[in-house]
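For reference, model-v2.txt is printed below; it contains compact mmCIF, C-alpha atoms.
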# COMPACT_ATOMS: atom_id res chain seq x y z
CA MET A 651 111.72 91.25 88.46
CA LYS A 652 111.78 89.35 85.18
CA ALA A 653 109.66 86.33 86.07
CA ALA A 654 105.99 86.87 86.88
CA PRO A 655 105.18 86.15 90.54
CA THR A 656 103.23 83.03 91.46
CA ILE A 657 100.08 84.05 93.36
CA ARG A 658 97.38 81.56 94.28
CA ILE A 659 94.38 81.38 96.58
CA GLN A 660 93.36 77.75 96.99
CA SER A 661 91.62 75.36 99.37
CA GLU A 662 94.05 72.47 98.77
CA ASP A 663 97.45 72.17 100.45
CA PHE A 664 100.64 73.33 98.74
CA ASN A 665 103.95 71.51 98.36
CA VAL A 666 106.76 73.65 99.80
CA GLU A 667 109.54 71.64 98.10
CA ARG A 668 107.93 71.83 94.69
CA GLU A 669 107.30 75.57 94.99
CA THR A 670 110.87 76.18 96.18
CA ALA A 671 112.27 74.15 93.28
CA ALA A 672 110.24 76.25 90.85
CA ILE A 673 111.62 79.52 92.21
CA ARG A 674 115.16 78.09 92.30
CA GLY A 675 114.90 77.67 88.55
CA GLN A 676 114.45 81.41 87.98
CA GLY A 677 118.09 81.86 86.98
CA ALA A 678 121.76 81.75 87.91
CA ASP A 679 121.54 85.13 89.70
CA VAL A 680 119.46 83.60 92.51
CA GLY A 681 121.74 83.59 95.53
CA ALA A 682 119.23 83.62 98.38
CA ILE A 683 115.82 82.06 98.91
CA VAL A 684 113.75 82.78 102.03
CA THR A 685 110.77 80.49 102.59
CA PHE A 686 108.07 81.18 105.17
CA THR A 687 105.30 78.68 105.91
CA GLY A 688 102.47 79.65 108.25
CA LEU A 689 100.68 76.74 109.98
CA CYS A 690 97.47 76.27 111.94
CA ARG A 691 98.44 75.93 115.63
CA SER A 692 96.54 73.60 117.95
CA GLU A 693 97.04 75.99 120.92
CA ASP A 694 97.74 73.12 123.35
CA ASP A 695 95.06 70.93 121.69
CA ARG A 696 92.35 73.55 122.28
CA LEU A 697 91.89 74.12 118.52
CA ALA A 698 90.81 71.49 116.01
CA ALA A 699 90.80 73.71 112.95
CA LEU A 700 90.59 77.20 111.53
CA GLU A 701 87.91 78.19 109.06
CA ILE A 702 89.27 80.79 106.64
CA GLU A 703 86.83 82.98 104.74
CA HIS A 704 88.11 85.15 101.91
CA TYR A 705 86.87 87.77 99.45
CA PRO A 706 87.18 86.14 96.01
CA GLY A 707 88.52 88.58 93.46
CA MET A 708 89.83 91.09 95.99
CA ALA A 709 92.06 88.49 97.67
CA GLU A 710 93.94 87.84 94.41
CA ALA A 711 94.02 91.56 93.57
CA GLU A 712 95.29 92.61 97.00
CA VAL A 713 97.99 89.91 97.19
CA THR A 714 99.12 90.99 93.70
CA ARG A 715 99.31 94.64 94.86
CA ILE A 716 101.30 93.68 97.97
CA VAL A 717 103.73 91.56 95.92
CA GLY A 718 104.04 94.48 93.50
CA GLN A 719 105.06 96.78 96.37
CA ALA A 720 107.70 94.27 97.47
CA THR A 721 109.18 93.99 93.97
CA GLN A 722 109.40 97.79 93.75
CA ARG A 723 111.21 98.07 97.08
CA TRP A 724 113.73 95.25 96.79
CA PRO A 725 115.70 93.72 93.90
CA LEU A 726 113.84 90.43 93.77
CA LEU A 727 114.23 87.62 91.25
CA GLY A 728 111.13 85.64 92.17
CA VAL A 729 108.13 85.74 94.52
CA THR A 730 105.59 83.04 95.37
CA ALA A 731 102.60 83.77 97.63
CA ILE A 732 100.00 81.06 98.24
CA HIS A 733 97.17 81.44 100.77
CA ARG A 734 94.67 78.71 101.56
CA ASN A 735 90.99 79.20 102.31
CA GLY A 736 88.30 76.93 103.76
CA LYS A 737 88.68 74.63 106.78
CA ILE A 738 92.27 73.97 107.79
CA GLN A 739 93.04 71.35 110.45
CA ALA A 740 95.56 72.00 113.23
CA GLY A 741 99.05 71.24 111.99
CA GLU A 742 98.23 71.96 108.35
CA ASN A 743 99.71 74.70 106.17
CA ILE A 744 97.89 78.03 105.78
CA VAL A 745 100.21 80.37 103.91
CA LEU A 746 103.44 80.16 101.91
CA VAL A 747 105.74 83.02 100.96
CA ILE A 748 108.95 82.39 99.02
CA VAL A 749 111.27 85.19 97.97
CA ALA A 750 114.36 84.83 95.78
CA SER A 751 117.04 87.46 95.41
CA SER A 752 120.76 87.68 94.70
CA HIS A 753 121.52 88.44 98.35
CA ARG A 754 120.00 87.54 101.68
CA GLN A 755 119.15 91.03 102.97
CA ALA A 756 116.58 91.72 100.27
CA ALA A 757 115.11 88.22 100.54
CA PHE A 758 114.71 88.39 104.36
CA ALA A 759 113.28 91.92 104.30
CA ALA A 760 110.84 91.25 101.46
CA ALA A 761 109.57 88.03 103.06
CA GLY A 762 108.96 89.88 106.35
CA PHE A 763 107.20 92.72 104.57
CA LEU A 764 105.01 90.32 102.57
CA MET A 765 103.85 88.42 105.65
CA ASP A 766 103.18 91.58 107.71
CA TRP A 767 101.12 93.06 104.89
CA LEU A 768 99.27 89.86 104.00
CA LYS A 769 98.19 89.54 107.63
CA SER A 770 96.70 93.02 107.76
CA PHE A 771 95.50 93.72 104.20
CA ALA A 772 94.85 90.49 102.26
CA PRO A 773 91.08 89.95 102.77
CA PHE A 774 91.00 86.72 104.79
CA TRP A 775 89.18 86.15 108.09
CA LYS A 776 89.77 83.27 110.52
CA ARG A 777 87.30 81.56 112.81
CA GLU A 778 88.26 78.99 115.42
CA HIS A 779 86.81 75.50 115.56
CA HIS A 780 87.46 74.02 118.99
CA ALA A 781 88.61 70.49 119.78
CA ASP A 782 85.34 69.89 121.70
CA GLY A 783 83.35 70.39 118.49
CA THR A 784 82.07 73.91 119.20
CA VAL A 785 82.54 76.78 116.76
CA GLY A 786 84.31 79.75 118.31
CA GLU A 787 84.44 83.44 117.54
CA TRP A 788 86.03 85.18 114.60
CA VAL A 789 89.68 85.82 115.40
CA GLU A 790 90.56 89.43 116.20
CA PRO A 791 93.77 90.98 114.92
CA LYS A 792 96.60 91.23 117.42
CA ALA A 793 97.98 94.62 118.40
CA SER A 794 101.43 93.26 117.49
CA ASP A 795 100.26 92.71 113.90
CA GLU A 796 99.29 96.37 113.69
CA VAL A 797 102.68 97.41 115.06
CA ALA A 798 104.42 95.12 112.55
CA VAL A 799 102.61 96.48 109.52
CA ARG A 800 103.17 100.09 110.61
CA SER A 801 106.89 99.46 110.81
CA TRP A 802 106.93 99.49 106.99
CA ASP A 803 106.33 102.73 105.15
CA GLY A 804 103.47 102.24 102.74
CA ALA A 805 99.88 103.00 101.76
CA PRO A 806 97.25 100.31 101.29
CA TYR A 807 94.33 102.68 100.80
CA ALA A 808 92.96 103.82 97.47
CA GLN A 809 93.18 107.58 97.95
CA GLU A 810 96.78 107.30 99.08
CA HIS A 811 97.74 105.17 96.08
CA GLN A 812 96.49 107.96 93.84
CA SER A 813 97.72 111.08 95.57
CA PRO A 814 100.47 110.45 98.11
CA SER A 815 101.39 114.15 98.05
CA ARG A 816 98.12 114.99 99.83
CA ARG A 817 99.02 112.95 102.88
CA PRO A 818 100.13 114.99 105.90
CA LEU A 819 103.88 115.28 106.09
CA ARG A 820 105.41 113.05 108.69
CA GLY A 821 107.74 114.86 111.04
CA ALA A 822 106.15 118.27 110.42
CA PRO A 823 106.14 120.28 113.64
CA GLU A 824 102.79 119.96 115.38
CA GLY A 825 100.75 122.84 116.69
CA LEU A 826 102.47 125.71 114.93
CA THR A 827 101.86 126.54 111.27
CA SER A 828 104.29 128.93 109.60
CA HIS A 829 101.62 131.63 109.84
CA GLN A 830 101.24 131.15 113.60
CA SER A 831 104.98 131.10 114.19
CA ARG A 832 105.31 134.40 112.34
CA ILE A 833 102.68 135.96 114.58
CA LYS A 834 104.48 134.61 117.59
CA LEU A 835 107.74 136.12 116.42
CA GLU A 836 106.04 139.46 115.83
CA GLY A 837 104.51 139.32 119.29
CA THR A 838 107.87 138.93 120.97
CA SER A 839 109.57 141.79 119.12
CA MET B 548 72.70 104.95 91.62
CA SER B 549 72.65 101.15 91.79
CA MET B 550 75.45 99.00 93.13
CA LYS B 551 76.33 95.66 94.66
CA LEU B 552 77.18 95.39 98.34
CA VAL B 553 79.06 92.36 99.70
CA TYR B 554 79.64 91.38 103.33
CA PHE B 555 82.15 89.09 105.01
CA ALA B 556 82.73 87.25 108.30
CA TRP B 557 80.77 88.65 111.26
CA VAL B 558 79.50 91.62 109.25
CA ARG B 559 77.86 89.08 106.88
CA GLU B 560 76.44 87.12 109.83
CA ARG B 561 75.00 90.18 111.56
CA ILE B 562 73.35 91.51 108.40
CA GLY B 563 72.18 88.03 107.49
CA LYS B 564 73.15 88.04 103.83
CA THR B 565 76.27 87.64 101.71
CA ASP B 566 75.42 90.33 99.15
CA GLU B 567 72.66 92.55 97.79
CA GLU B 568 71.91 95.08 95.07
CA VAL B 569 70.91 98.51 96.34
CA SER B 570 69.59 101.63 94.68
CA LEU B 571 71.02 104.66 96.49
CA PRO B 572 69.69 108.19 96.82
CA SER B 573 71.94 110.78 95.19
CA ASP B 574 73.03 112.34 98.50
CA VAL B 575 74.85 109.13 99.48
CA ALA B 576 78.28 110.15 98.22
CA THR B 577 80.88 108.49 100.45
CA VAL B 578 81.45 105.19 102.25
CA ALA B 579 80.51 106.91 105.53
CA ASP B 580 77.25 108.18 103.96
CA LEU B 581 76.50 104.64 102.80
CA VAL B 582 77.02 103.27 106.32
CA THR B 583 74.62 105.88 107.73
CA TRP B 584 72.06 105.02 105.03
CA LEU B 585 72.38 101.29 105.71
CA LYS B 586 71.94 101.80 109.48
CA GLY B 587 68.58 103.38 108.74
CA ARG B 588 67.38 100.23 106.99
CA GLY B 589 66.97 98.01 110.03
CA GLU B 590 68.35 96.72 113.28
CA GLU B 591 70.51 94.06 111.60
CA TYR B 592 72.47 96.86 109.90
CA GLU B 593 72.61 98.89 113.11
CA TYR B 594 74.04 95.82 114.83
CA ALA B 595 76.65 95.23 112.09
CA PHE B 596 77.77 98.87 112.14
CA GLU B 597 77.24 99.54 115.86
CA ASN B 598 80.91 100.43 116.18
CA GLU B 599 81.63 102.18 112.89
CA GLY B 600 85.33 102.51 113.56
CA ILE B 601 85.72 98.73 113.46
CA VAL B 602 84.12 97.80 110.12
CA ARG B 603 86.43 98.19 107.10
CA ALA B 604 85.45 98.86 103.48
CA ALA B 605 86.69 98.24 99.96
CA VAL B 606 85.47 99.85 96.74
CA ASP B 607 85.93 97.68 93.66
CA HIS B 608 88.44 95.43 95.45
CA VAL B 609 90.61 98.26 96.86
CA HIS B 610 90.79 99.25 100.56
CA VAL B 611 89.30 102.68 101.24
CA ARG B 612 88.75 104.98 104.21
CA PRO B 613 85.28 106.19 105.25
CA ASN B 614 85.63 109.52 103.41
CA ALA B 615 86.18 107.78 100.05
CA SER B 616 83.76 108.57 97.23
CA ILE B 617 81.50 105.76 96.04
CA HIS B 618 80.62 107.52 92.79
CA GLY B 619 80.75 105.06 89.90
CA ALA B 620 81.56 102.08 92.15
CA ARG B 621 80.37 98.66 90.99
CA GLU B 622 80.94 96.70 94.21
CA ILE B 623 81.41 97.87 97.79
CA ALA B 624 82.48 95.44 100.50
CA PHE B 625 82.18 95.70 104.28
CA PHE B 626 84.16 93.42 106.57
CA PRO B 627 85.83 93.15 109.99
CA PRO B 628 89.57 93.82 110.47
CA ILE B 629 91.55 91.31 108.46
CA THR B 630 93.14 88.25 110.07
CA GLY B 631 95.00 86.70 107.16
CA GLY B 632 98.40 85.01 107.01
The structure in this file should be written as structure tokens.
Amino acid sequence: MKAAPTIRIQSEDFNVERETAAIRGQGADVGAIVTFTGLCRSEDDRLAALEIEHYPGMAEAEVTRIVGQATQRWPLLGVTAIHRNGKIQAGENIVLVIVASSHRQAAFAAAGFLMDWLKSFAPFWKREHHADGTVGEWVEPKASDEVAVRSWDGAPYAQEHQSPSRRPLRGAPEGLTSHQSRIKLEGTS
Amino acid sequence: MSMKLVYFAWVRERIGKTDEEVSLPSDVATVADLVTWLKGRGEEYEYAFENEGIVRAAVDHVHVRPNASIHGAREIAFFPPITGG
């Protein structure tokens, strides 16, 4: 990807049209732009707001790493990822992901990947503020988010970044090592 | 070995502080060792780490697993599972 990605963590709202226009200007090869905006739901008027805590420094670093993985996997021409922090009222924007590519497949796939990974690895935590004025519990991750992030092959952890060859091989037969299978063969002869 | 610890969300609330500087004995070598050492410091830490499988960690802004070395780390963070996006 020629153009540097746009990555911002901010308390103020973002302007989807302005951000889309910026990525549209990344060149004549842009043939597809996928835009995802995540909003704060009111949950049938039960929720007044979400309070979003983040880890300053790591949030920027982790979003940058996730965007870097996307640009390695797909031929992208531009990426914008903006995540808000602080108190966000129901109906307001929380997160924006825009992906530009020459063709739609890469743009759709990369946008899905980015959102699945941001949800599980970008260090943000949500707490509910109820419409009746009470402060609720910290939100727990959904099992479906875990399933979504596991659907992509990848390694968010430090040791695995450094030495992927030491990870156990997926698909290796369980239970029998080559040594054990040799013994078994000998036993049957 | 001296380093900064930072806490977020309900881990921060249970421990009752956002960050602290600690001086660690030399036998505290991994993230899991550090959790065990912290739990020996008081009930607020025991409460925060009562279910060790839940609390996540990062060393110098990178996610790590419990067996990760903390040698040479400047900042170690503990936090609940992430709910971003």
Please return as a PDB file with C-alpha atoms, in the frame of the given file every residue within 12 Å of (77.1, 99.8, 115.1), taking into account only C-alpha atoms and the file's own coordinates.
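For reference, out08.pdb as written:
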ATOM      1  CA  VAL B 558      79.500  91.620 109.250  1.00  0.00           C
ATOM      2  CA  ARG B 561      75.000  90.180 111.560  1.00  0.00           C
ATOM      3  CA  ILE B 562      73.350  91.510 108.400  1.00  0.00           C
ATOM      4  CA  VAL B 582      77.020 103.270 106.320  1.00  0.00           C
ATOM      5  CA  THR B 583      74.620 105.880 107.730  1.00  0.00           C
ATOM      6  CA  LEU B 585      72.380 101.290 105.710  1.00  0.00           C
ATOM      7  CA  LYS B 586      71.940 101.800 109.480  1.00  0.00           C
ATOM      8  CA  GLY B 587      68.580 103.380 108.740  1.00  0.00           C
ATOM      9  CA  GLY B 589      66.970  98.010 110.030  1.00  0.00           C
ATOM     10  CA  GLU B 590      68.350  96.720 113.280  1.00  0.00           C
ATOM     11  CA  GLU B 591      70.510  94.060 111.600  1.00  0.00           C
ATOM     12  CA  TYR B 592      72.470  96.860 109.900  1.00  0.00           C
ATOM     13  CA  GLU B 593      72.610  98.890 113.110  1.00  0.00           C
ATOM     14  CA  TYR B 594      74.040  95.820 114.830  1.00  0.00           C
ATOM     15  CA  ALA B 595      76.650  95.230 112.090  1.00  0.00           C
ATOM     16  CA  PHE B 596      77.770  98.870 112.140  1.00  0.00           C
ATOM     17  CA  GLU B 597      77.240  99.540 115.860  1.00  0.00           C
ATOM     18  CA  ASN B 598      80.910 100.430 116.180  1.00  0.00           C
ATOM     19  CA  GLU B 599      81.630 102.180 112.890  1.00  0.00           C
ATOM     20  CA  GLY B 600      85.330 102.510 113.560  1.00  0.00           C
ATOM     21  CA  ILE B 601      85.720  98.730 113.460  1.00  0.00           C
ATOM     22  CA  VAL B 602      84.120  97.800 110.120  1.00  0.00           C
TER      23      VAL B 602
END
* To do: Identify all chain B residues at most 10 Å from chain A by counting all atoms listed in the file; ligands do not count. Present them as a list of chain:residue names.
  =>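 Listing them in order of chain and number gives B:Val553, B:Tyr554, B:Phe555, B:Ala556, B:Trp557, B:Ala605, B:Val606, B:Asp607, B:His608, B:Val609, B:His610, B:Val611, B:Arg612, B:Asn614, B:Ala615, B:Ser616, B:Ala624, B:Phe626, B:Pro627, B:Pro628, B:Ile629, B:Thr630, B:Gly631, B:Gly632.
Using all atoms listed in the file, the shortest contact distance between A:Ser751 and any of A:Ala678, A:Ala671, A:Leu697, A:Ala798 is found at A:Ala678.
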* What lies within 10 Å of B:Glu567 using all atoms listed in the file, ignoring chain neighbours under 2 positions off, as number ranges by chain? -> B: 550-554, 564-565, 569, 622
* **Long-range neighbours of stretch 663-669 of chain A as a VMD selection string, 12 Å cut-off, all atoms listed in the file, 4 positions minimum in chain** => chain A and resid 655 to 659 673 to 676 683 to 689 728 to 739 741 to 750
* Structure fact -> Taken to one decimal, the atom CA of A:Thr670-atom CA of A:Val717 distance is 17.0 Å
* For A:Ile716, which of A:Ala756, A:Ala793, A:Ala761, A:Ala653 is the closest residue, counting only C-alpha atoms? -> A:Ala761
* Distance of atom CA of A:Val785 from atom CA of B:Gly563, expressed in Å to one decimal place -> 17.9 Å
* **Top pick for closest residue to A:Ala760, considering A:Ser801, A:Ser692, A:Ser661, A:Gln719 and counting only C-alpha atoms** =>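 Result for the nearest residue to A:Ala760: A:Gln719.
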* To do: Just give me the gap between atom CA of B:Ala620 and atom CA of A:Asp803 in Å, one decimal is fine.
  =>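 That distance, rounded to one decimal, is 28.0 Å.
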For stretch 766-793 of chain A, supply N, CA and C atoms and format the output as a PDB file, in the frame of the given file.
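Output (selection-v5.pdb):
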ATOM      1  N   ASP A 766     103.831  90.537 106.895  1.00  0.00           N
ATOM      2  CA  ASP A 766     103.180  91.580 107.710  1.00  0.00           C
ATOM      3  C   ASP A 766     102.006  92.185 106.956  1.00  0.00           C
ATOM      4  N   TRP A 767     102.179  92.423 105.670  1.00  0.00           N
ATOM      5  CA  TRP A 767     101.120  93.060 104.890  1.00  0.00           C
ATOM      6  C   TRP A 767      99.994  92.106 104.547  1.00  0.00           C
ATOM      7  N   LEU A 768     100.336  90.843 104.274  1.00  0.00           N
ATOM      8  CA  LEU A 768      99.270  89.860 104.000  1.00  0.00           C
ATOM      9  C   LEU A 768      98.360  89.732 105.210  1.00  0.00           C
ATOM     10  N   LYS A 769      98.978  89.714 106.403  1.00  0.00           N
ATOM     11  CA  LYS A 769      98.190  89.540 107.630  1.00  0.00           C
ATOM     12  C   LYS A 769      97.195  90.672 107.854  1.00  0.00           C
ATOM     13  N   SER A 770      97.555  91.874 107.466  1.00  0.00           N
ATOM     14  CA  SER A 770      96.700  93.020 107.760  1.00  0.00           C
ATOM     15  C   SER A 770      95.850  93.504 106.597  1.00  0.00           C
ATOM     16  N   PHE A 771      96.216  93.143 105.350  1.00  0.00           N
ATOM     17  CA  PHE A 771      95.500  93.720 104.200  1.00  0.00           C
ATOM     18  C   PHE A 771      94.929  92.706 103.212  1.00  0.00           C
ATOM     19  N   ALA A 772      95.442  91.480 103.171  1.00  0.00           N
ATOM     20  CA  ALA A 772      94.850  90.490 102.260  1.00  0.00           C
ATOM     21  C   ALA A 772      93.526  90.040 102.875  1.00  0.00           C
ATOM     22  N   PRO A 773      92.399  90.165 102.152  1.00  0.00           N
ATOM     23  CA  PRO A 773      91.080  89.950 102.770  1.00  0.00           C
ATOM     24  C   PRO A 773      90.751  88.484 103.082  1.00  0.00           C
ATOM     25  N   PHE A 774      91.282  88.047 104.233  1.00  0.00           N
ATOM     26  CA  PHE A 774      91.000  86.720 104.790  1.00  0.00           C
ATOM     27  C   PHE A 774      90.573  86.912 106.246  1.00  0.00           C
ATOM     28  N   TRP A 775      89.635  86.093 106.700  1.00  0.00           N
ATOM     29  CA  TRP A 775      89.180  86.150 108.090  1.00  0.00           C
ATOM     30  C   TRP A 775      89.154  84.743 108.656  1.00  0.00           C
ATOM     31  N   LYS A 776      89.675  84.595 109.891  1.00  0.00           N
ATOM     32  CA  LYS A 776      89.770  83.270 110.520  1.00  0.00           C
ATOM     33  C   LYS A 776      88.730  83.109 111.604  1.00  0.00           C
ATOM     34  N   ARG A 777      88.164  81.903 111.680  1.00  0.00           N
ATOM     35  CA  ARG A 777      87.300  81.560 112.810  1.00  0.00           C
ATOM     36  C   ARG A 777      87.768  80.233 113.400  1.00  0.00           C
ATOM     37  N   GLU A 778      87.756  80.188 114.735  1.00  0.00           N
ATOM     38  CA  GLU A 778      88.260  78.990 115.420  1.00  0.00           C
ATOM     39  C   GLU A 778      87.202  77.902 115.501  1.00  0.00           C
ATOM     40  N   HIS A 779      87.634  76.675 115.272  1.00  0.00           N
ATOM     41  CA  HIS A 779      86.810  75.500 115.560  1.00  0.00           C
ATOM     42  C   HIS A 779      87.506  74.733 116.680  1.00  0.00           C
ATOM     43  N   HIS A 780      86.818  74.590 117.812  1.00  0.00           N
ATOM     44  CA  HIS A 780      87.460  74.020 118.990  1.00  0.00           C
ATOM     45  C   HIS A 780      87.518  72.499 118.939  1.00  0.00           C
ATOM     46  N   ALA A 781      88.434  71.948 119.728  1.00  0.00           N
ATOM     47  CA  ALA A 781      88.610  70.490 119.780  1.00  0.00           C
ATOM     48  C   ALA A 781      87.354  69.803 120.323  1.00  0.00           C
ATOM     49  N   ASP A 782      86.554  70.508 121.146  1.00  0.00           N
ATOM     50  CA  ASP A 782      85.340  69.890 121.700  1.00  0.00           C
ATOM     51  C   ASP A 782      84.155  69.958 120.727  1.00  0.00           C
ATOM     52  N   GLY A 783      84.406  70.404 119.506  1.00  0.00           N
ATOM     53  CA  GLY A 783      83.350  70.390 118.490  1.00  0.00           C
ATOM     54  C   GLY A 783      82.582  71.696 118.358  1.00  0.00           C
ATOM     55  N   THR A 784      82.792  72.635 119.278  1.00  0.00           N
ATOM     56  CA  THR A 784      82.070  73.910 119.200  1.00  0.00           C
ATOM     57  C   THR A 784      82.787  74.865 118.223  1.00  0.00           C
ATOM     58  N   VAL A 785      81.985  75.769 117.656  1.00  0.00           N
ATOM     59  CA  VAL A 785      82.540  76.780 116.760  1.00  0.00           C
ATOM     60  C   VAL A 785      82.760  78.057 117.560  1.00  0.00           C
ATOM     61  N   GLY A 786      83.969  78.569 117.508  1.00  0.00           N
ATOM     62  CA  GLY A 786      84.310  79.750 118.310  1.00  0.00           C
ATOM     63  C   GLY A 786      84.030  81.044 117.573  1.00  0.00           C
ATOM     64  N   GLU A 787      84.627  82.102 118.091  1.00  0.00           N
ATOM     65  CA  GLU A 787      84.440  83.440 117.540  1.00  0.00           C
ATOM     66  C   GLU A 787      85.398  83.672 116.372  1.00  0.00           C
ATOM     67  N   TRP A 788      85.086  84.727 115.615  1.00  0.00           N
ATOM     68  CA  TRP A 788      86.030  85.180 114.600  1.00  0.00           C
ATOM     69  C   TRP A 788      87.267  85.711 115.320  1.00  0.00           C
ATOM     70  N   VAL A 789      88.427  85.392 114.780  1.00  0.00           N
ATOM     71  CA  VAL A 789      89.680  85.820 115.400  1.00  0.00           C
ATOM     72  C   VAL A 789      89.824  87.328 115.226  1.00  0.00           C
ATOM     73  N   GLU A 790      90.299  87.989 116.293  1.00  0.00           N
ATOM     74  CA  GLU A 790      90.560  89.430 116.200  1.00  0.00           C
ATOM     75  C   GLU A 790      92.042  89.660 115.929  1.00  0.00           C
ATOM     76  N   PRO A 791      92.349  90.717 115.181  1.00  0.00           N
ATOM     77  CA  PRO A 791      93.770  90.980 114.920  1.00  0.00           C
ATOM     78  C   PRO A 791      94.502  91.300 116.208  1.00  0.00           C
ATOM     79  N   LYS A 792      95.781  90.933 116.243  1.00  0.00           N
ATOM     80  CA  LYS A 792      96.600  91.230 117.420  1.00  0.00           C
ATOM     81  C   LYS A 792      97.184  92.637 117.284  1.00  0.00           C
ATOM     82  N   ALA A 793      97.362  93.288 118.413  1.00  0.00           N
ATOM     83  CA  ALA A 793      97.980  94.620 118.400  1.00  0.00           C
ATOM     84  C   ALA A 793      99.387  94.529 117.803  1.00  0.00           C
TER      85      ALA A 793
END
